[in-house]
>>> print(open('entry_26.pdb').read())   # PDB, C-alpha atoms, pLDDT in the B column
ATOM      1  CA  PHE S   1      19.577   5.272   7.801  1.00 52.00           C
ATOM      2  CA  PHE S   2      20.463   1.589   8.115  1.00 59.00           C
ATOM      3  CA  ARG S   3      17.982   0.795  10.875  1.00 66.00           C
ATOM      4  CA  GLN S   4      15.124   1.897   8.662  1.00 70.00           C
ATOM      5  CA  ARG S   5      16.386  -0.383   5.852  1.00 72.00           C
ATOM      6  CA  LEU S   6      16.368   2.420   3.318  1.00 73.00           C
ATOM      7  CA  LYS S   7      17.948   1.902  -0.081  1.00 74.00           C
ATOM      8  CA  VAL S   8      20.055   4.222  -2.185  1.00 73.00           C
ATOM      9  CA  ARG S   9      19.234   3.999  -5.867  1.00 72.00           C
ATOM     10  CA  ALA S  10      21.001   5.642  -8.767  1.00 73.00           C
ATOM     11  CA  SER S  11      18.968   6.984 -11.637  1.00 68.00           C
ATOM     12  CA  SER S  12      19.515   8.332 -15.098  1.00 70.00           C
ATOM     13  CA  TYR S  13      16.923  10.878 -16.252  1.00 65.00           C
ATOM     14  CA  GLY S  14      15.109  10.361 -12.948  1.00 73.00           C
ATOM     15  CA  ASP S  15      12.258   7.928 -13.430  1.00 79.00           C
ATOM     16  CA  ALA S  16      11.782   8.978 -17.049  1.00 82.00           C
ATOM     17  CA  VAL S  17      11.515   6.548 -19.910  1.00 86.00           C
ATOM     18  CA  PRO S  18      13.129   8.621 -22.685  1.00 87.00           C
ATOM     19  CA  ALA S  19      11.344   6.885 -25.578  1.00 93.00           C
ATOM     20  CA  ARG S  20       7.993   7.604 -23.930  1.00 92.00           C
ATOM     21  CA  ASP S  21       8.602  10.841 -22.025  1.00 92.00           C
ATOM     22  CA  PHE S  22      10.818  12.952 -24.301  1.00 92.00           C
ATOM     23  CA  PRO S  23       8.225  13.174 -27.108  1.00 96.00           C
ATOM     24  CA  LEU S  24       5.632  14.129 -24.491  1.00 95.00           C
ATOM     25  CA  LEU S  25       7.875  16.878 -23.119  1.00 93.00           C
ATOM     26  CA  ILE S  26       8.515  18.164 -26.644  1.00 95.00           C
ATOM     27  CA  ASP S  27       4.769  18.298 -27.314  1.00 97.00           C
ATOM     28  CA  TRP S  28       4.213  20.195 -24.057  1.00 96.00           C
ATOM     29  CA  PHE S  29       6.978  22.643 -24.982  1.00 95.00           C
ATOM     30  CA  ARG S  30       5.588  23.222 -28.468  1.00 97.00           C
ATOM     31  CA  SER S  31       2.074  23.790 -27.115  1.00 97.00           C
ATOM     32  CA  GLY S  32       3.297  26.254 -24.473  1.00 95.00           C
ATOM     33  CA  GLN S  33       2.443  24.025 -21.513  1.00 96.00           C
ATOM     34  CA  LEU S  34       6.127  23.593 -20.582  1.00 94.00           C
ATOM     35  CA  GLN S  35       7.849  26.955 -20.336  1.00 93.00           C
ATOM     36  CA  LEU S  36      11.537  26.069 -20.375  1.00 89.00           C
ATOM     37  CA  GLY S  37      12.515  29.703 -20.841  1.00 89.00           C
ATOM     38  CA  LEU S  38      11.644  30.346 -17.202  1.00 90.00           C
ATOM     39  CA  LEU S  39      14.440  27.960 -16.181  1.00 89.00           C
ATOM     40  CA  VAL S  40      17.161  29.783 -18.137  1.00 91.00           C
ATOM     41  CA  SER S  41      19.023  32.539 -16.334  1.00 90.00           C
ATOM     42  CA  ARG S  42      21.082  33.704 -19.282  1.00 92.00           C
ATOM     43  CA  THR S  43      22.016  32.863 -22.878  1.00 94.00           C
ATOM     44  CA  ILE S  44      25.554  33.396 -24.130  1.00 94.00           C
ATOM     45  CA  PRO S  45      27.458  32.856 -27.370  1.00 96.00           C
ATOM     46  CA  LEU S  46      29.930  29.980 -27.618  1.00 94.00           C
ATOM     47  CA  ASP S  47      32.956  32.234 -27.197  1.00 95.00           C
ATOM     48  CA  GLU S  48      31.735  33.382 -23.735  1.00 94.00           C
ATOM     49  CA  THR S  49      31.545  29.931 -22.137  1.00 93.00           C
ATOM     50  CA  ALA S  50      34.501  30.592 -19.840  1.00 94.00           C
ATOM     51  CA  SER S  51      32.826  33.672 -18.378  1.00 93.00           C
ATOM     52  CA  GLY S  52      29.568  31.707 -18.163  1.00 92.00           C
ATOM     53  CA  PHE S  53      31.229  29.108 -15.937  1.00 92.00           C
ATOM     54  CA  ASP S  54      32.738  31.909 -13.840  1.00 93.00           C
ATOM     55  CA  ASP S  55      29.264  33.422 -13.360  1.00 92.00           C
ATOM     56  CA  ILE S  56      27.914  30.055 -12.211  1.00 90.00           C
ATOM     57  CA  ALA S  57      30.823  29.599  -9.786  1.00 92.00           C
ATOM     58  CA  ARG S  58      30.134  33.041  -8.284  1.00 93.00           C
ATOM     59  CA  GLY S  59      26.445  32.190  -7.934  1.00 91.00           C
ATOM     60  CA  GLU S  60      25.351  34.944 -10.296  1.00 91.00           C
ATOM     61  CA  THR S  61      23.389  32.607 -12.553  1.00 90.00           C
ATOM     62  CA  LEU S  62      21.959  29.101 -12.259  1.00 86.00           C
ATOM     63  CA  ARG S  63      21.352  27.907 -15.804  1.00 89.00           C
ATOM     64  CA  THR S  64      23.154  29.349 -18.782  1.00 91.00           C
ATOM     65  CA  VAL S  65      22.376  28.228 -22.308  1.00 92.00           C
ATOM     66  CA  VAL S  66      25.140  28.422 -24.906  1.00 93.00           C
ATOM     67  CA  VAL S  67      23.943  29.367 -28.382  1.00 92.00           C
ATOM     68  CA  PHE S  68      25.958  29.122 -31.563  1.00 84.00           C
TER      69      PHE S  68
END
>>> encode(input="entry_26.pdb", output="structure tokens")
Amino acid sequence: FFRQRLKVRASSYGDAVPARDFPLLIDWFRSGQLQLGLLVSRTIPLDETASGFDDIARGETLRTVVVF
């Protein structure tokens, strides 16, 4: 790692520029080009958040969206 002179860099939002990229992502979502629903394993109501975290800990679901 050190012999190759690699660098460790922290990032927030990856390499995104929120003011530029978020509107673009919203447009893609609205036009159907970005299918976020495919990334959601499960939706749950607010009062089931505890069980949602338990499901994640057991590896039963990856991404849970809380709706209220």
>>> atom_distance(input="entry_26.pdb", atom1="CA of Leu34 in chain S", atom2="CA of Phe53 in chain S")
26.1 Å
>>> closest_residue(input="entry_26.pdb", among="S:Thr64, S:Arg5, S:Asp27, S:Asp15", to="Ala50 in chain S", atoms="all atoms listed in the file")
S:Thr64
>>> residues_around(input="entry_26.pdb", residues="Ile44 in chain S", least_positions_apart="6", cutoff="9 Å", atoms="all atoms listed in the file", output="NGL selection string")
:S and (52 or 64-68)
>>> atom_distance(input="entry_26.pdb", atom1="CA of Asp54 in chain S", atom2="CA of Gln35 in chain S")
26.2 Å
>>> atom_distance(input="entry_26.pdb", atom1="CA of Val17 in chain S", atom2="CA of Ser41 in chain S")
27.3 Å
>>> axis_aligned_box(input="entry_26.pdb", around="range 48-64 of chain S", padding_each_side="4 Å", output="lines of an AutoDock Vina configuration file")
center_x = 27.9
center_y = 31.4
center_z = -15.8
size_x = 21.1
size_y = 15.0
size_z = 23.8
